[in-house]
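Working notes, beginning with the structure itself.
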Amino acid sequence: MSKTLIAPSILAADFANLQHDIEMVNQSEADWFHLDVMDGVFVPNISFGMPVIKSISKHAKKTLDVHLMIVNPDQYIKTFADLGVNVLTVHYEACTHLHRTLQAIKAEGMQAGVALNPHTNVDLLKDTIKDIDLVCLMSVNPGFGGQSFIENTFDKVRQLKALINEKGASTKIEIDGGVTNKNAKQLAEAGADVLVAGSYVFKADNPTETIKGMKELLK
Ligand code: DX5
Ligand code: ZN
């Protein structure tokens with residue numbers, strides 16, 4: 001099993017002390033920054049957009065992993081690339097021409113990710129998996145942090161891993177929603193490469209130690 005990456009979700013950070021929380025992640029054993037962009041249309045919530053990502057980008061010293069929970073993502077691909085985003089993930093359910101969208105993300109020099117809602121079957125990626133750098137399996141319904149992990153995700157990770165192997169793809173599997181020290185190890189064993197953790201990290205008394213503890217668990 002290769003090293004599992006931890007991506008703290010900034011959605012759960014203190015927006016009035018964002019620089020403090022960014023520095024915490026910089027200094028910690030975390031691997032990526034996970035940034036959730038919500039438009040109030042694709043999901044029933046609005047989070048933050050370009051000006052905030054621009055500010056984060058100035059201070060963040062690790063990979064910027066942006067999760068777009070928006071309709072019509074194509075029109076903003078270049079803007080996110082210009083902001084310094086490394087991994088740009090769109091929702092399968094929001095893309096009419098997914099293959100075209102993936103090519104456009106890669107043409108801007110970013111890694112292309114596809115997120116699947118809990119009800120979306122991994123087999124729908126059979127024909128595109130070799131073009132996808134990262135699949136984000138939603139283990140909660142997107143829109144909010146702090147929700148409970150959906151147990152069916154374990155099966156989906158295994159199915160997706162089998163599909164990736166069958167097609168000879170090098171796609172990473174990311175899990176997003178309700179990740180804690182209770183399910184992290186089992187997710188990694190099932191085939192997860194990146195674990196997003198929002199509330200579990202930022203609502204902890206000591207976020208740095210919490211990240212460290214998770215890393216320890218995944219060794
Ligand atoms: C939910 C977001 C998640 C969220 C995870 O729509 O995509 O990234 O921030 O938060 P927790 O870890 O609190 O479930
Ligand atoms: Zn997310």
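Note on naming: chains are A, B, ... as they come in the structure tokens, residues start from 1 per chain, ligands start from 1 in the order shown.
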
query = Could you write out, as a VMD selection string, all the residues of range 76-210 of chain A that DSSP marks as alpha helix (DSSP H)?
reply = chain A and resid 77 to 82 98 to 107 153 to 167 184 to 190 199 to 202 207 to 210

Can you build me a table of chain A residues sitting at most 8 Å from ligand 2, with the closest atom pair per residue and its distance in Å to one decimal, using only C-alpha atoms and all ligand atoms, sorted by chain and residue number, as a Markdown table?
| residue | atom | partner | partner_atom_place_in_ligand_line | distance |
| --- | --- | --- | --- | --- |
| A:Ser9 | CA | ligand 2 | 1 (Zn) | 6.8 |
| A:His34 | CA | ligand 2 | 1 (Zn) | 6.5 |
| A:Leu35 | CA | ligand 2 | 1 (Zn) | 6.6 |
| A:Asp36 | CA | ligand 2 | 1 (Zn) | 4.9 |
| A:Val66 | CA | ligand 2 | 1 (Zn) | 7.7 |
| A:His67 | CA | ligand 2 | 1 (Zn) | 5.2 |
| A:Leu68 | CA | ligand 2 | 1 (Zn) | 7.8 |
| A:Met138 | CA | ligand 2 | 1 (Zn) | 7.8 |
| A:Pro142 | CA | ligand 2 | 1 (Zn) | 7.3 |
| A:Asp176 | CA | ligand 2 | 1 (Zn) | 5.6 |
| A:Gly177 | CA | ligand 2 | 1 (Zn) | 7.1 |
| A:Val196 | CA | ligand 2 | 1 (Zn) | 7.1 |

Can those selected residues be exported to a file as a CSV table (one decimal), in the first residue's frame so that it contains N, CA and C atoms?
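Generated file (out.csv):
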chain,number,residue,atom,x,y,z
A,9,SER,N,-9.8,19.9,4.7
A,9,SER,CA,-10.8,20.7,3.9
A,9,SER,C,-11.0,22.0,4.6
A,34,HIS,N,-7.5,21.0,0.5
A,34,HIS,CA,-8.8,20.7,-0.2
A,34,HIS,C,-9.7,21.9,-0.1
A,35,LEU,N,-10.1,22.5,-1.3
A,35,LEU,CA,-10.9,23.7,-1.3
A,35,LEU,C,-12.2,23.4,-2.0
A,36,ASP,N,-13.3,23.6,-1.2
A,36,ASP,CA,-14.6,23.3,-1.7
A,36,ASP,C,-15.3,24.6,-2.2
A,66,VAL,N,-8.8,21.6,-5.7
A,66,VAL,CA,-10.1,22.3,-5.7
A,66,VAL,C,-11.2,21.4,-6.2
A,67,HIS,N,-12.3,21.3,-5.3
A,67,HIS,CA,-13.5,20.5,-5.6
A,67,HIS,C,-14.6,21.4,-6.0
A,68,LEU,N,-14.9,21.4,-7.3
A,68,LEU,CA,-16.0,22.3,-7.8
A,68,LEU,C,-17.4,21.6,-7.6
A,138,MET,N,-17.7,10.8,-3.2
A,138,MET,CA,-18.3,11.5,-2.1
A,138,MET,C,-18.9,10.5,-1.1
A,142,PRO,N,-22.9,16.0,-1.1
A,142,PRO,CA,-22.1,17.3,-1.1
A,142,PRO,C,-22.9,18.5,-0.7
A,176,ASP,N,-14.2,11.8,0.2
A,176,ASP,CA,-14.5,13.1,0.7
A,176,ASP,C,-15.8,13.1,1.5
A,177,GLY,N,-15.7,13.3,2.8
A,177,GLY,CA,-16.9,13.5,3.7
A,177,GLY,C,-16.9,12.5,4.8
A,196,VAL,N,-9.8,13.3,2.4
A,196,VAL,CA,-10.2,14.6,2.8
A,196,VAL,C,-10.7,14.6,4.2

Residue with smallest distance to His91 in chain A - pool A:Phe144, A:Tyr200, A:Phe42, A:Phe15, counting only C-alpha atoms = A:Phe42

task = Report as JSON, numbers by chain which protein, DNA and RNA residues come within 10 Å of ligand 1, using only C-alpha atoms and all ligand atoms.
result = {"A": [7, 8, 9, 10, 11, 12, 13, 34, 35, 36, 37, 38, 43, 44, 45, 47, 66, 67, 68, 69, 115, 117, 136, 137, 138, 139, 140, 141, 142, 143, 144, 145, 146, 147, 148, 149, 175, 176, 177, 178, 179, 180, 195, 196, 197, 198, 199, 200, 201, 202, 203]}

Residue selection dump (N, CA and C atoms) as a compact mmCIF listing (two decimals), in the first residue's frame:
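In the end it all went to selection-v8.txt:
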# COMPACT_ATOMS: atom_id res chain seq x y z
N ALA A 7 -5.76 15.44 3.05
CA ALA A 7 -6.10 16.76 2.49
C ALA A 7 -7.12 17.44 3.41
N PRO A 8 -6.67 18.29 4.32
CA PRO A 8 -7.62 19.01 5.18
C PRO A 8 -8.54 19.90 4.34
N SER A 9 -9.84 19.86 4.65
CA SER A 9 -10.80 20.68 3.91
C SER A 9 -10.96 22.03 4.60
N ILE A 10 -10.61 23.07 3.87
CA ILE A 10 -10.61 24.44 4.41
C ILE A 10 -12.03 24.93 4.72
N LEU A 11 -13.04 24.23 4.20
CA LEU A 11 -14.43 24.58 4.51
C LEU A 11 -14.67 24.62 6.02
N ALA A 12 -13.93 23.79 6.75
CA ALA A 12 -14.12 23.71 8.20
C ALA A 12 -13.18 24.64 8.97
N ALA A 13 -12.36 25.41 8.24
CA ALA A 13 -11.42 26.32 8.90
C ALA A 13 -12.15 27.56 9.43
N HIS A 34 -7.55 20.97 0.52
CA HIS A 34 -8.79 20.68 -0.22
C HIS A 34 -9.70 21.91 -0.11
N LEU A 35 -10.06 22.46 -1.26
CA LEU A 35 -10.86 23.69 -1.29
C LEU A 35 -12.20 23.43 -1.97
N ASP A 36 -13.29 23.62 -1.23
CA ASP A 36 -14.64 23.31 -1.71
C ASP A 36 -15.34 24.55 -2.24
N VAL A 37 -15.61 24.57 -3.54
CA VAL A 37 -16.31 25.70 -4.16
C VAL A 37 -17.75 25.28 -4.45
N MET A 38 -18.71 25.98 -3.83
CA MET A 38 -20.14 25.64 -3.97
C MET A 38 -20.90 26.84 -4.52
N VAL A 43 -25.32 22.43 -5.49
CA VAL A 43 -25.54 22.00 -4.09
C VAL A 43 -26.29 23.11 -3.35
N PRO A 44 -27.03 22.74 -2.31
CA PRO A 44 -27.82 23.76 -1.60
C PRO A 44 -27.00 24.54 -0.57
N ASN A 45 -25.86 25.08 -1.01
CA ASN A 45 -25.02 25.88 -0.13
C ASN A 45 -24.06 26.69 -0.99
N SER A 47 -20.19 28.50 -0.76
CA SER A 47 -19.01 28.54 0.13
C SER A 47 -18.14 29.75 -0.19
N VAL A 66 -8.83 21.56 -5.73
CA VAL A 66 -10.10 22.30 -5.72
C VAL A 66 -11.25 21.40 -6.18
N HIS A 67 -12.28 21.32 -5.34
CA HIS A 67 -13.46 20.50 -5.59
C HIS A 67 -14.61 21.43 -5.98
N LEU A 68 -14.94 21.41 -7.27
CA LEU A 68 -16.00 22.28 -7.76
C LEU A 68 -17.37 21.62 -7.64
N MET A 69 -18.20 22.17 -6.78
CA MET A 69 -19.59 21.71 -6.69
C MET A 69 -20.44 22.79 -7.35
N ALA A 115 -15.63 13.98 -9.47
CA ALA A 115 -16.29 13.59 -8.22
C ALA A 115 -17.60 12.89 -8.54
N ASN A 117 -21.24 11.67 -6.82
CA ASN A 117 -22.17 11.71 -5.69
C ASN A 117 -22.40 10.30 -5.15
N CYS A 136 -12.91 11.47 -7.06
CA CYS A 136 -13.29 11.82 -5.70
C CYS A 136 -14.63 11.15 -5.41
N LEU A 137 -14.61 10.15 -4.53
CA LEU A 137 -15.86 9.49 -4.15
C LEU A 137 -16.47 10.25 -2.99
N MET A 138 -17.65 10.79 -3.20
CA MET A 138 -18.32 11.51 -2.12
C MET A 138 -18.89 10.49 -1.13
N SER A 139 -18.45 10.61 0.11
CA SER A 139 -18.93 9.70 1.15
C SER A 139 -19.95 10.39 2.04
N VAL A 140 -20.41 11.57 1.58
CA VAL A 140 -21.60 12.26 2.12
C VAL A 140 -22.25 12.93 0.91
N ASN A 141 -23.47 13.42 1.07
CA ASN A 141 -24.05 14.21 -0.01
C ASN A 141 -23.39 15.59 0.01
N PRO A 142 -22.85 16.03 -1.15
CA PRO A 142 -22.07 17.26 -1.14
C PRO A 142 -22.89 18.48 -0.74
N GLY A 143 -22.21 19.44 -0.15
CA GLY A 143 -22.86 20.70 0.20
C GLY A 143 -22.51 21.18 1.60
N PHE A 144 -22.18 20.25 2.48
CA PHE A 144 -21.93 20.63 3.87
C PHE A 144 -20.83 19.79 4.49
N GLY A 145 -20.08 20.40 5.40
CA GLY A 145 -19.13 19.64 6.20
C GLY A 145 -19.86 19.06 7.40
N GLY A 146 -19.18 18.19 8.12
CA GLY A 146 -19.70 17.68 9.38
C GLY A 146 -20.80 16.64 9.29
N GLN A 147 -20.97 16.01 8.14
CA GLN A 147 -22.01 14.97 8.02
C GLN A 147 -21.42 13.59 8.29
N SER A 148 -22.32 12.60 8.48
CA SER A 148 -21.85 11.25 8.77
C SER A 148 -21.46 10.50 7.51
N PHE A 149 -20.42 9.74 7.63
CA PHE A 149 -19.87 8.91 6.56
C PHE A 149 -20.89 7.86 6.10
N ILE A 175 -11.33 10.22 -1.06
CA ILE A 175 -12.59 10.06 -0.33
C ILE A 175 -12.91 11.37 0.37
N ASP A 176 -14.15 11.82 0.22
CA ASP A 176 -14.52 13.15 0.73
C ASP A 176 -15.83 13.10 1.50
N GLY A 177 -15.72 13.35 2.81
CA GLY A 177 -16.91 13.47 3.65
C GLY A 177 -16.92 12.49 4.80
N GLY A 178 -16.98 13.03 6.01
CA GLY A 178 -17.11 12.18 7.20
C GLY A 178 -15.90 11.31 7.50
N VAL A 179 -14.74 11.70 7.00
CA VAL A 179 -13.53 10.90 7.26
C VAL A 179 -12.98 11.23 8.65
N THR A 180 -12.70 10.19 9.43
CA THR A 180 -12.14 10.33 10.78
C THR A 180 -11.12 9.22 11.00
N LEU A 195 -7.28 11.15 1.49
CA LEU A 195 -8.42 11.29 2.41
C LEU A 195 -8.62 12.77 2.73
N VAL A 196 -9.82 13.26 2.42
CA VAL A 196 -10.17 14.64 2.77
C VAL A 196 -10.74 14.61 4.19
N ALA A 197 -10.31 15.54 5.02
CA ALA A 197 -10.87 15.61 6.37
C ALA A 197 -11.07 17.07 6.75
N GLY A 198 -12.32 17.44 6.99
CA GLY A 198 -12.65 18.82 7.35
C GLY A 198 -12.85 18.97 8.84
N SER A 199 -14.06 18.64 9.29
CA SER A 199 -14.39 18.81 10.71
C SER A 199 -13.45 18.04 11.62
N TYR A 200 -13.11 16.84 11.22
CA TYR A 200 -12.28 16.01 12.10
C TYR A 200 -10.95 16.71 12.42
N VAL A 201 -10.42 17.45 11.45
CA VAL A 201 -9.16 18.17 11.68
C VAL A 201 -9.41 19.51 12.38
N PHE A 202 -10.28 20.35 11.78
CA PHE A 202 -10.38 21.73 12.26
C PHE A 202 -11.19 21.90 13.53
N LYS A 203 -12.06 20.96 13.85
CA LYS A 203 -12.83 21.08 15.09
C LYS A 203 -12.10 20.40 16.26

message = Ranking A:Pro51, A:Pro118, A:Gly109, A:Gly213 by minimum distance to Ile77 in chain A and counting only C-alpha atoms, which one comes first?
response = A:Gly109

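Interatomic distance, CA of Leu217 in chain A to CA of Asp133 in chain A: 25.4 Å.
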
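Residue nearest Leu125 in chain A, chosen from A:Ile46, A:Ile6, A:Val157, A:Leu163 and counting only C-alpha atoms: A:Leu163.
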
ask   = DSSP on the backbone: what in range 114-191 of chain A comes out strand (DSSP E or B), as number ranges by chain?
value = A: 114-116, 134-138, 172-176

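For the residues A:Asn17, A:Thr208, A:Thr63, A:Ala94, ranking by smallest atom-to-atom distance to Val41 in chain A using only C-alpha atoms places A:Ala94 first.
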
inquiry  = Just checking: using only C-alpha atoms, which residue out of A:Lys219, A:His119, A:Lys3, A:Lys62 ends up closest to Ile150 in chain A?
reply    = A:His119

message = Report as a PyMOL selection string all protein, DNA and RNA residues lying within 12 Å of Asp127 in chain A, evaluated on only C-alpha atoms, omitting residues in the same chain fewer than 6 positions from it.
response = chain A and resi 98-99+163-164+166-167+169
